[in-house]
$ cat final.pdb   # PDB, C-alpha atoms and all ligand atoms
MODEL        1
ATOM      1  CA  MET Q1212      37.074 -96.199 278.787  1.00  0.00           C
ATOM      2  CA  THR Q1213      38.372 -93.139 276.994  1.00  0.00           C
ATOM      3  CA  VAL Q1214      41.946 -91.984 276.482  1.00  0.00           C
ATOM      4  CA  VAL Q1215      42.192 -88.198 276.268  1.00  0.00           C
ATOM      5  CA  ALA Q1216      45.412 -86.725 274.910  1.00  0.00           C
ATOM      6  CA  VAL Q1217      45.826 -83.449 276.768  1.00  0.00           C
ATOM      7  CA  GLY Q1218      48.266 -81.534 274.562  1.00  0.00           C
ATOM      8  CA  PRO Q1219      51.802 -80.243 275.168  1.00  0.00           C
ATOM      9  CA  GLY Q1220      51.246 -78.476 278.502  1.00  0.00           C
ATOM     10  CA  ASP Q1221      49.198 -75.304 278.011  1.00  0.00           C
ATOM     11  CA  PRO Q1222      45.660 -76.272 279.178  1.00  0.00           C
ATOM     12  CA  ARG Q1223      44.170 -74.083 276.425  1.00  0.00           C
ATOM     13  CA  LEU Q1224      45.489 -76.570 273.870  1.00  0.00           C
ATOM     14  CA  LEU Q1225      43.212 -79.371 275.074  1.00  0.00           C
ATOM     15  CA  THR Q1226      40.607 -80.112 272.365  1.00  0.00           C
ATOM     16  CA  LEU Q1227      36.900 -79.352 272.885  1.00  0.00           C
ATOM     17  CA  ARG Q1228      36.145 -83.078 272.638  1.00  0.00           C
ATOM     18  CA  GLY Q1229      38.747 -83.776 275.320  1.00  0.00           C
ATOM     19  CA  GLN Q1230      37.211 -81.109 277.570  1.00  0.00           C
ATOM     20  CA  GLN Q1231      33.765 -82.664 277.115  1.00  0.00           C
ATOM     21  CA  ALA Q1232      34.997 -86.175 277.985  1.00  0.00           C
ATOM     22  CA  LEU Q1233      36.612 -84.806 281.159  1.00  0.00           C
ATOM     23  CA  ARG Q1234      33.493 -82.854 282.161  1.00  0.00           C
ATOM     24  CA  GLU Q1235      31.344 -85.973 281.786  1.00  0.00           C
ATOM     25  CA  ALA Q1236      33.781 -88.412 283.449  1.00  0.00           C
ATOM     26  CA  ASP Q1237      33.199 -90.279 286.722  1.00  0.00           C
ATOM     27  CA  LEU Q1238      36.902 -91.107 287.153  1.00  0.00           C
ATOM     28  CA  VAL Q1239      39.996 -89.447 285.673  1.00  0.00           C
ATOM     29  CA  VAL Q1240      43.425 -91.082 285.995  1.00  0.00           C
ATOM     30  CA  GLY Q1241      46.884 -90.174 284.734  1.00  0.00           C
ATOM     31  CA  PHE Q1242      50.387 -89.167 285.771  1.00  0.00           C
ATOM     32  CA  LYS Q1243      50.355 -86.175 288.103  1.00  0.00           C
ATOM     33  CA  THR Q1244      51.959 -83.720 285.646  1.00  0.00           C
ATOM     34  CA  VAL Q1245      49.323 -84.697 283.068  1.00  0.00           C
ATOM     35  CA  LEU Q1246      46.441 -84.289 285.523  1.00  0.00           C
ATOM     36  CA  ASP Q1247      47.718 -80.792 286.392  1.00  0.00           C
ATOM     37  CA  VAL Q1248      47.006 -79.779 282.777  1.00  0.00           C
ATOM     38  CA  VAL Q1249      43.404 -81.010 282.784  1.00  0.00           C
ATOM     39  CA  GLN Q1250      42.461 -79.855 286.285  1.00  0.00           C
ATOM     40  CA  PRO Q1251      40.548 -76.782 284.970  1.00  0.00           C
ATOM     41  CA  TRP Q1252      38.274 -79.013 282.857  1.00  0.00           C
ATOM     42  CA  ILE Q1253      37.305 -81.596 285.491  1.00  0.00           C
ATOM     43  CA  GLU Q1254      33.904 -81.071 287.145  1.00  0.00           C
ATOM     44  CA  GLY Q1255      32.489 -83.930 289.226  1.00  0.00           C
ATOM     45  CA  ALA Q1256      34.948 -86.761 288.550  1.00  0.00           C
ATOM     46  CA  ALA Q1257      37.074 -88.531 291.128  1.00  0.00           C
ATOM     47  CA  VAL Q1258      40.727 -87.914 290.249  1.00  0.00           C
ATOM     48  CA  ARG Q1259      43.383 -90.568 290.756  1.00  0.00           C
ATOM     49  CA  PRO Q1260      47.013 -89.713 290.058  1.00  0.00           C
ATOM     50  CA  MET Q1261      49.334 -92.584 289.181  1.00  0.00           C
ATOM     51  CA  SER Q1262      53.096 -93.064 289.183  1.00  0.00           C
ATOM     52  CA  TYR Q1263      55.332 -95.421 287.195  1.00  0.00           C
ATOM     53  CA  ARG Q1264      55.275 -97.726 290.200  1.00  0.00           C
ATOM     54  CA  ASP Q1265      51.514 -98.041 290.707  1.00  0.00           C
ATOM     55  CA  GLN Q1266      50.218 -97.427 287.157  1.00  0.00           C
ATOM     56  CA  GLU Q1267      49.208-101.079 286.629  1.00  0.00           C
ATOM     57  CA  GLU Q1268      47.144-101.024 289.806  1.00  0.00           C
ATOM     58  CA  VAL Q1269      45.465 -97.677 288.997  1.00  0.00           C
ATOM     59  CA  LEU Q1270      44.616 -98.758 285.436  1.00  0.00           C
ATOM     60  CA  GLU Q1271      43.308-102.091 286.716  1.00  0.00           C
ATOM     61  CA  ASP Q1272      41.025-100.226 289.061  1.00  0.00           C
ATOM     62  CA  ALA Q1273      39.868 -97.856 286.285  1.00  0.00           C
ATOM     63  CA  ALA Q1274      39.119-100.842 284.017  1.00  0.00           C
ATOM     64  CA  ALA Q1275      37.072-102.467 286.795  1.00  0.00           C
ATOM     65  CA  GLN Q1276      35.072 -99.257 287.215  1.00  0.00           C
ATOM     66  CA  ALA Q1277      34.547 -98.989 283.447  1.00  0.00           C
ATOM     67  CA  ALA Q1278      33.208-102.562 283.473  1.00  0.00           C
ATOM     68  CA  LEU Q1279      30.599-101.385 286.003  1.00  0.00           C
ATOM     69  CA  GLY Q1280      29.456 -98.709 283.553  1.00  0.00           C
ATOM     70  CA  ARG Q1281      31.369 -95.734 284.983  1.00  0.00           C
ATOM     71  CA  ARG Q1282      32.874 -93.254 282.550  1.00  0.00           C
ATOM     72  CA  CYS Q1283      36.628 -93.486 283.012  1.00  0.00           C
ATOM     73  CA  VAL Q1284      39.201 -91.263 281.338  1.00  0.00           C
ATOM     74  CA  VAL Q1285      42.915 -92.020 281.117  1.00  0.00           C
ATOM     75  CA  CYS Q1286      44.906 -88.874 280.343  1.00  0.00           C
ATOM     76  CA  CYS Q1287      47.974 -88.947 278.146  1.00  0.00           C
ATOM     77  CA  TRP Q1288      50.507 -86.168 277.452  1.00  0.00           C
ATOM     78  CA  GLY Q1289      50.664 -84.441 274.045  1.00  0.00           C
ATOM     79  CA  ASP Q1290      49.079 -86.652 271.412  1.00  0.00           C
ATOM     80  CA  LEU Q1291      48.338 -90.332 271.935  1.00  0.00           C
ATOM     81  CA  ASN Q1292      49.916 -91.394 268.632  1.00  0.00           C
ATOM     82  CA  VAL Q1293      53.288 -89.874 269.448  1.00  0.00           C
ATOM     83  CA  SER Q1294      55.608 -91.835 271.719  1.00  0.00           C
ATOM     84  CA  ALA Q1295      52.745 -92.961 273.984  1.00  0.00           C
ATOM     85  CA  ARG Q1296      52.485 -96.587 272.909  1.00  0.00           C
ATOM     86  CA  GLU Q1297      53.256 -98.123 276.300  1.00  0.00           C
ATOM     87  CA  LEU Q1298      50.366 -96.400 278.043  1.00  0.00           C
ATOM     88  CA  LEU Q1299      47.945 -97.202 275.206  1.00  0.00           C
ATOM     89  CA  GLU Q1300      48.982-100.853 275.306  1.00  0.00           C
ATOM     90  CA  ARG Q1301      48.442-100.971 279.062  1.00  0.00           C
ATOM     91  CA  VAL Q1302      44.895 -99.636 278.595  1.00  0.00           C
ATOM     92  CA  ARG Q1303      44.092-101.879 275.613  1.00  0.00           C
ATOM     93  CA  ARG Q1304      45.239-104.979 277.508  1.00  0.00           C
ATOM     94  CA  ARG Q1305      42.483-104.321 280.036  1.00  0.00           C
ATOM     95  CA  VAL Q1306      39.465-103.188 278.027  1.00  0.00           C
ATOM     96  CA  ASP Q1307      38.037-104.264 274.672  1.00  0.00           C
ATOM     97  CA  GLN Q1308      36.624-100.925 273.670  1.00  0.00           C
ATOM     98  CA  VAL Q1309      38.667 -97.781 274.081  1.00  0.00           C
ATOM     99  CA  GLU Q1310      37.699 -94.417 272.654  1.00  0.00           C
ATOM    100  CA  LEU Q1311      40.762 -92.429 271.617  1.00  0.00           C
ATOM    101  CA  ILE Q1312      40.594 -88.632 271.632  1.00  0.00           C
ATOM    102  CA  PRO Q1313      43.766 -87.277 269.995  1.00  0.00           C
ATOM    103  CA  GLY Q1314      45.494 -84.100 271.091  1.00  0.00           C
ATOM    104  CA  ILE Q1315      48.139 -81.649 269.956  1.00  0.00           C
ATOM    105  CA  SER Q1316      51.624 -83.111 270.156  1.00  0.00           C
ATOM    106  CA  SER Q1317      54.747 -81.318 271.334  1.00  0.00           C
ATOM    107  CA  VAL Q1318      56.122 -82.401 267.933  1.00  0.00           C
ATOM    108  CA  GLN Q1319      53.512 -80.251 266.170  1.00  0.00           C
ATOM    109  CA  ILE Q1320      54.413 -77.285 268.365  1.00  0.00           C
ATOM    110  CA  ALA Q1321      58.113 -77.818 267.570  1.00  0.00           C
ATOM    111  CA  CYS Q1322      57.223 -77.815 263.847  1.00  0.00           C
ATOM    112  CA  ALA Q1323      55.257 -74.588 264.296  1.00  0.00           C
ATOM    113  CA  ARG Q1324      58.080 -72.881 266.201  1.00  0.00           C
ATOM    114  CA  ALA Q1325      60.682 -74.062 263.671  1.00  0.00           C
ATOM    115  CA  GLY Q1326      58.541 -73.306 260.604  1.00  0.00           C
ATOM    116  CA  LEU Q1327      58.695 -76.919 259.373  1.00  0.00           C
ATOM    117  CA  SER Q1328      56.010 -78.950 257.578  1.00  0.00           C
ATOM    118  CA  LEU Q1329      55.441 -82.413 258.972  1.00  0.00           C
ATOM    119  CA  GLU Q1330      55.773 -83.940 255.494  1.00  0.00           C
ATOM    120  CA  ASP Q1331      59.396 -82.757 255.390  1.00  0.00           C
ATOM    121  CA  VAL Q1332      60.179 -84.198 258.818  1.00  0.00           C
ATOM    122  CA  LEU Q1333      61.314 -87.553 260.129  1.00  0.00           C
ATOM    123  CA  PHE Q1334      60.395 -88.322 263.731  1.00  0.00           C
ATOM    124  CA  ILE Q1335      62.563 -90.432 266.053  1.00  0.00           C
ATOM    125  CA  THR Q1336      61.967 -91.042 269.744  1.00  0.00           C
ATOM    126  CA  LEU Q1337      64.591 -92.442 272.093  1.00  0.00           C
ATOM    127  CA  HIS Q1338      61.856 -93.326 274.579  1.00  0.00           C
ATOM    128  CA  GLN Q1339      60.622 -96.480 272.954  1.00  0.00           C
ATOM    129  CA  ARG Q1340      63.286 -99.158 272.955  1.00  0.00           C
ATOM    130  CA  LYS Q1341      65.144-100.655 275.868  1.00  0.00           C
ATOM    131  CA  GLU Q1342      68.370-100.633 273.837  1.00  0.00           C
ATOM    132  CA  PRO Q1343      68.819 -97.084 272.456  1.00  0.00           C
ATOM    133  CA  ALA Q1344      71.847 -97.979 270.262  1.00  0.00           C
ATOM    134  CA  GLU Q1345      69.434 -99.017 267.510  1.00  0.00           C
ATOM    135  CA  ASP Q1346      67.602 -95.674 267.580  1.00  0.00           C
ATOM    136  CA  LEU Q1347      70.897 -93.771 267.606  1.00  0.00           C
ATOM    137  CA  ALA Q1348      72.097 -95.805 264.610  1.00  0.00           C
ATOM    138  CA  GLU Q1349      68.882 -94.874 262.802  1.00  0.00           C
ATOM    139  CA  LEU Q1350      69.440 -91.214 263.690  1.00  0.00           C
ATOM    140  CA  VAL Q1351      72.994 -91.321 262.283  1.00  0.00           C
ATOM    141  CA  HIS Q1352      71.703 -92.982 259.112  1.00  0.00           C
ATOM    142  CA  TYR Q1353      69.088 -90.297 258.445  1.00  0.00           C
ATOM    143  CA  LEU Q1354      71.398 -87.413 259.384  1.00  0.00           C
ATOM    144  CA  LYS Q1355      73.884 -88.683 256.794  1.00  0.00           C
ATOM    145  CA  ASP Q1356      71.045 -89.130 254.305  1.00  0.00           C
ATOM    146  CA  ASN Q1357      70.211 -85.443 254.926  1.00  0.00           C
ATOM    147  CA  ARG Q1358      66.932 -85.448 252.998  1.00  0.00           C
ATOM    148  CA  ARG Q1359      64.511 -84.659 255.808  1.00  0.00           C
ATOM    149  CA  HIS Q1360      64.572 -82.494 258.904  1.00  0.00           C
ATOM    150  CA  ILE Q1361      64.754 -84.700 261.977  1.00  0.00           C
ATOM    151  CA  ILE Q1362      62.762 -84.197 265.158  1.00  0.00           C
ATOM    152  CA  LEU Q1363      64.174 -86.223 268.021  1.00  0.00           C
ATOM    153  CA  LEU Q1364      62.800 -86.847 271.500  1.00  0.00           C
ATOM    154  CA  PRO Q1365      65.780 -87.318 273.849  1.00  0.00           C
ATOM    155  CA  ARG Q1366      65.414 -89.741 276.768  1.00  0.00           C
ATOM    156  CA  PRO Q1367      65.432 -88.323 280.299  1.00  0.00           C
ATOM    157  CA  TRP Q1368      67.939 -88.578 281.800  1.00  0.00           C
ATOM    158  CA  ASP Q1369      70.484 -90.893 280.201  1.00  0.00           C
ATOM    159  CA  LEU Q1370      70.248 -89.695 276.579  1.00  0.00           C
ATOM    160  CA  MET Q1371      70.041 -85.928 276.751  1.00  0.00           C
ATOM    161  CA  PRO Q1372      71.170 -83.314 274.153  1.00  0.00           C
ATOM    162  CA  ALA Q1373      74.891 -82.982 275.017  1.00  0.00           C
ATOM    163  CA  GLY Q1374      75.399 -86.761 275.215  1.00  0.00           C
ATOM    164  CA  ILE Q1375      73.490 -87.347 271.986  1.00  0.00           C
ATOM    165  CA  ALA Q1376      75.552 -84.655 270.213  1.00  0.00           C
ATOM    166  CA  SER Q1377      78.894 -86.161 271.341  1.00  0.00           C
ATOM    167  CA  ASN Q1378      77.723 -89.557 270.209  1.00  0.00           C
ATOM    168  CA  LEU Q1379      76.850 -88.124 266.771  1.00  0.00           C
ATOM    169  CA  LEU Q1380      80.252 -86.408 266.488  1.00  0.00           C
ATOM    170  CA  ASP Q1381      81.927 -89.742 267.297  1.00  0.00           C
ATOM    171  CA  GLN Q1382      79.908 -91.315 264.486  1.00  0.00           C
ATOM    172  CA  GLY Q1383      81.171 -88.802 261.939  1.00  0.00           C
ATOM    173  CA  ILE Q1384      78.334 -86.256 261.740  1.00  0.00           C
ATOM    174  CA  PRO Q1385      79.963 -82.878 260.871  1.00  0.00           C
ATOM    175  CA  ALA Q1386      80.685 -80.589 263.843  1.00  0.00           C
ATOM    176  CA  GLU Q1387      79.042 -77.575 262.149  1.00  0.00           C
ATOM    177  CA  ARG Q1388      75.700 -79.326 261.606  1.00  0.00           C
ATOM    178  CA  PRO Q1389      72.980 -77.036 263.068  1.00  0.00           C
ATOM    179  CA  VAL Q1390      70.836 -78.134 266.017  1.00  0.00           C
ATOM    180  CA  THR Q1391      67.882 -76.470 267.723  1.00  0.00           C
ATOM    181  CA  ILE Q1392      66.591 -77.523 271.124  1.00  0.00           C
ATOM    182  CA  PHE Q1393      63.137 -76.508 272.324  1.00  0.00           C
ATOM    183  CA  GLN Q1394      62.391 -76.762 276.033  1.00  0.00           C
ATOM    184  CA  ARG Q1395      59.031 -76.616 277.819  1.00  0.00           C
ATOM    185  CA  LEU Q1396      57.042 -75.772 274.696  1.00  0.00           C
ATOM    186  CA  THR Q1397      53.814 -73.842 275.484  1.00  0.00           C
ATOM    187  CA  LEU Q1398      54.713 -73.767 279.205  1.00  0.00           C
ATOM    188  CA  ASP Q1399      56.163 -71.089 281.481  1.00  0.00           C
ATOM    189  CA  GLY Q1400      59.893 -70.870 280.905  1.00  0.00           C
ATOM    190  CA  GLU Q1401      59.725 -72.027 277.278  1.00  0.00           C
ATOM    191  CA  GLU Q1402      63.200 -71.718 275.733  1.00  0.00           C
ATOM    192  CA  ARG Q1403      65.044 -72.272 272.487  1.00  0.00           C
ATOM    193  CA  TRP Q1404      68.762 -73.073 272.168  1.00  0.00           C
ATOM    194  CA  GLN Q1405      70.392 -72.948 268.763  1.00  0.00           C
ATOM    195  CA  GLY Q1406      73.943 -73.762 267.688  1.00  0.00           C
ATOM    196  CA  SER Q1407      76.240 -76.291 266.055  1.00  0.00           C
ATOM    197  CA  LEU Q1408      76.489 -79.979 266.933  1.00  0.00           C
ATOM    198  CA  GLU Q1409      79.921 -79.277 268.417  1.00  0.00           C
ATOM    199  CA  ALA Q1410      78.570 -76.471 270.635  1.00  0.00           C
ATOM    200  CA  CYS Q1411      75.713 -78.734 271.707  1.00  0.00           C
ATOM    201  CA  ALA Q1412      78.151 -81.492 272.727  1.00  0.00           C
ATOM    202  CA  ALA Q1413      80.032 -78.974 274.893  1.00  0.00           C
ATOM    203  CA  LEU Q1414      76.922 -77.769 276.759  1.00  0.00           C
ATOM    204  CA  SER Q1415      77.015 -78.230 280.501  1.00  0.00           C
ATOM    205  CA  GLN Q1416      73.539 -76.783 281.085  1.00  0.00           C
ATOM    206  CA  GLU Q1417      70.862 -79.163 282.290  1.00  0.00           C
ATOM    207  CA  PHE Q1418      67.911 -79.497 279.914  1.00  0.00           C
ATOM    208  CA  SER Q1419      64.326 -80.067 280.984  1.00  0.00           C
ATOM    209  CA  ASP Q1420      62.810 -83.539 280.593  1.00  0.00           C
ATOM    210  CA  LEU Q1421      60.462 -81.678 278.224  1.00  0.00           C
ATOM    211  CA  SER Q1422      63.039 -81.050 275.487  1.00  0.00           C
ATOM    212  CA  ILE Q1423      62.942 -81.689 271.753  1.00  0.00           C
ATOM    213  CA  MET Q1424      65.908 -81.623 269.367  1.00  0.00           C
ATOM    214  CA  VAL Q1425      65.529 -80.496 265.754  1.00  0.00           C
ATOM    215  CA  PHE Q1426      68.171 -81.217 263.103  1.00  0.00           C
ATOM    216  CA  PRO Q1427      67.287 -79.207 260.007  1.00  0.00           C
ATOM    217  CA  VAL Q1428      68.385 -80.371 256.575  1.00  0.00           C
ATOM    218  CA  GLY Q1429      71.447 -78.565 255.219  1.00  0.00           C
ATOM    219  CA  THR Q1430      73.494 -75.956 256.993  1.00  0.00           C
ATOM    220  CA  SER Q1431      70.942 -73.281 257.987  1.00  0.00           C
ATOM    221  CA  PRO Q1432      69.330 -73.207 261.421  1.00  0.00           C
ATOM    222  CA  VAL Q1433      65.527 -73.458 261.655  1.00  0.00           C
ATOM    223  CA  GLY Q1434      63.516 -70.261 261.196  1.00  0.00           C
ATOM    224  CA  SER Q1435      62.522 -68.036 264.093  1.00  0.00           C
ATOM    225  CA  GLY Q1436      59.929 -65.239 263.581  1.00  0.00           C
ATOM    226  CA  ALA Q1437      56.869 -66.963 262.096  1.00  0.00           C
ATOM    227  CA  GLY Q1438      56.745 -69.793 264.603  1.00  0.00           C
ATOM    228  CA  ALA Q1439      57.631 -67.820 267.720  1.00  0.00           C
ATOM    229  CA  PRO Q1440      55.430 -68.344 270.782  1.00  0.00           C
ATOM    230  CA  PRO Q1441      52.811 -65.650 271.408  1.00  0.00           C
ATOM    231  CA  GLU Q1442      53.918 -62.998 273.902  1.00  0.00           C
ATOM    232  CA  ASN Q1443      51.524 -64.200 276.588  1.00  0.00           C
ATOM    233  CA  GLY Q1444      52.865 -67.744 276.186  1.00  0.00           C
TER     234      GLY Q1444
HETATM  235  C1  LIG U1501      57.034 -90.016 276.280  1.00  0.00           C
HETATM  236  S1  LIG U1501      57.130 -88.661 275.204  1.00  0.00           S
HETATM  237  C2  LIG U1501      55.433 -88.270 274.991  1.00  0.00           C
HETATM  238  C3  LIG U1501      55.191 -87.316 273.842  1.00  0.00           C
HETATM  239  C4  LIG U1501      53.737 -86.846 273.783  1.00  0.00           C
HETATM  240  N1  LIG U1501      52.829 -87.956 273.544  1.00  0.00           N
HETATM  241  C5  LIG U1501      53.540 -85.760 272.733  1.00  0.00           C
HETATM  242  O1  LIG U1501      52.798 -85.984 271.766  1.00  0.00           O
HETATM  243  O2  LIG U1501      54.083 -84.661 272.921  1.00  0.00           O
HETATM  244  C6  LIG U1501      57.685 -87.362 276.246  1.00  0.00           C
HETATM  245  C7  LIG U1501      58.694 -86.505 275.513  1.00  0.00           C
HETATM  246  O3  LIG U1501      58.014 -85.611 274.628  1.00  0.00           O
HETATM  247  C8  LIG U1501      58.705 -84.377 274.557  1.00  0.00           C
HETATM  248  N2  LIG U1501      57.815 -83.307 275.044  1.00  0.00           N
HETATM  249  C9  LIG U1501      56.567 -83.457 275.503  1.00  0.00           C
HETATM  250  N3  LIG U1501      56.029 -82.263 275.820  1.00  0.00           N
HETATM  251  C10 LIG U1501      56.961 -81.326 275.557  1.00  0.00           C
HETATM  252  C11 LIG U1501      57.007 -79.900 275.668  1.00  0.00           C
HETATM  253  N4  LIG U1501      55.970 -79.207 276.125  1.00  0.00           N
HETATM  254  N5  LIG U1501      58.149 -79.273 275.296  1.00  0.00           N
HETATM  255  C12 LIG U1501      59.198 -79.970 274.813  1.00  0.00           C
HETATM  256  N6  LIG U1501      59.213 -81.316 274.700  1.00  0.00           N
HETATM  257  C13 LIG U1501      58.114 -81.991 275.053  1.00  0.00           C
HETATM  258  C14 LIG U1501      59.949 -84.528 275.443  1.00  0.00           C
HETATM  259  O4  LIG U1501      60.996 -85.006 274.613  1.00  0.00           O
HETATM  260  C15 LIG U1501      59.511 -85.603 276.418  1.00  0.00           C
HETATM  261  O5  LIG U1501      60.608 -86.288 276.996  1.00  0.00           O
ENDMDL
END
$ encode --input "final.pdb" --output "structure tokens" --more "lines below"
Ligand SMILES: C[S@@+](CC[C@H](N)C(=O)[O-])C[C@H]1O[C@@H](n2cnc3c(N)ncnc32)[C@H](O)[C@@H]1O
Amino acid sequence: MTVVAVGPGDPRLLTLRGQQALREADLVVGFKTVLDVVQPWIEGAAVRPMSYRDQEEVLEDAAAQAALGRRCVVCCWGDLNVSARELLERVRRRVDQVELIPGISSVQIACARAGLSLEDVLFITLHQRKEPAEDLAELVHYLKDNRRHIILLPRPWDLMPAGIASNLLDQGIPAERPVTIFQRLTLDGEERWQGSLEACAALSQEFSDLSIMVFPVGTSPVGSGAGAPPENG
């Protein structure tokens, strides 16, 4: 069984090793949006989309096929080491040997667009815990600490940018603190919003489930120019 991380959305950002694993696979499974990315690289494999409801059943079936010697690939969005633990644990529970093929994370693309080095960044995801208060408390702590840029994955749909910003204002983070939100990185309709925490809290616009918030250290917004997406997307 192999887990292929497919990158942040643009199929051209799938690694060569990932492409090879998909070409050689007998069965490819994954959430539908993830399979859409890898479609161009699949040759003879059977493709089985899964949903949150039937993922256990689909993975069980893939594990059974792998036990019979078939080459099975589970696809994962972005990189497999970034906020993808649940899926990896589901796979590891079923098979002893899993090959992991990493990919490019949306977090790396956000760093590139914002002109930030990963070593200066702290990463927080609101996806991982059932009780998000703990993650929000951690976010407040590091914003007050103000030593590293923070990259935050909001949680569709209950902890999205405007709600997170109002929560931070309530917790005493200054209203003028800059925030950048990247939506749909590397995909059609990629967008960047930039403003203060206060302006973010007042936003009524709906953000995509593919959104990343960046809180740069200090009072300046993140850079534009160098990290801008190429004109052809
Ligand atoms: C469960 S996490 C998985 C992250 C993934 N493993 C990665 O490395 O990008 C999903 C979250 O990642 C962020 N994300 C993934 N792809 C994105 C993209 N193309 N643009 C903006 N945010 C993205 C969003 O915050 C989304 O809700």
$ resolve_selection --input "final.pdb" --expression "the PyMOL selection byres (((not hetatm)) within 8 of (chain U and resi 1501))" --output "NGL selection string"
:Q and (1216 or 1218-1220 or 1287-1295 or 1314-1318 or 1321 or 1336 or 1338 or 1363-1367 or 1393-1398 or 1401 or 1420-1424)
$ closest_residue --input "final.pdb" --among "Q:Ala1373, Q:Ile1361, Q:Leu1354, Q:Leu1327" --to "Q:Val1433" --atoms "all atoms listed in the file"
Q:Leu1327
$ closest_residue --input "final.pdb" --among "Q:Ile1375, Q:Leu1329, Q:Val1249, Q:Val1284" --to "Q:Val1217" --atoms "all atoms listed in the file"
Q:Val1249
$ residues_around --input "final.pdb" --residues "Q:Arg1282" --least-positions-apart "2" --cutoff "9 Å" --atoms "only C-alpha atoms" --output "ChimeraX atom specification"
/Q:1212-1213,1232,1235-1239,1276-1277,1280,1284
$ closest_residue --input "final.pdb" --among "Q:Tyr1263, Q:Phe1242, Q:Trp1404, Q:Phe1426" --to "Q:Phe1334" --atoms "all atoms listed in the file"
Q:Phe1426
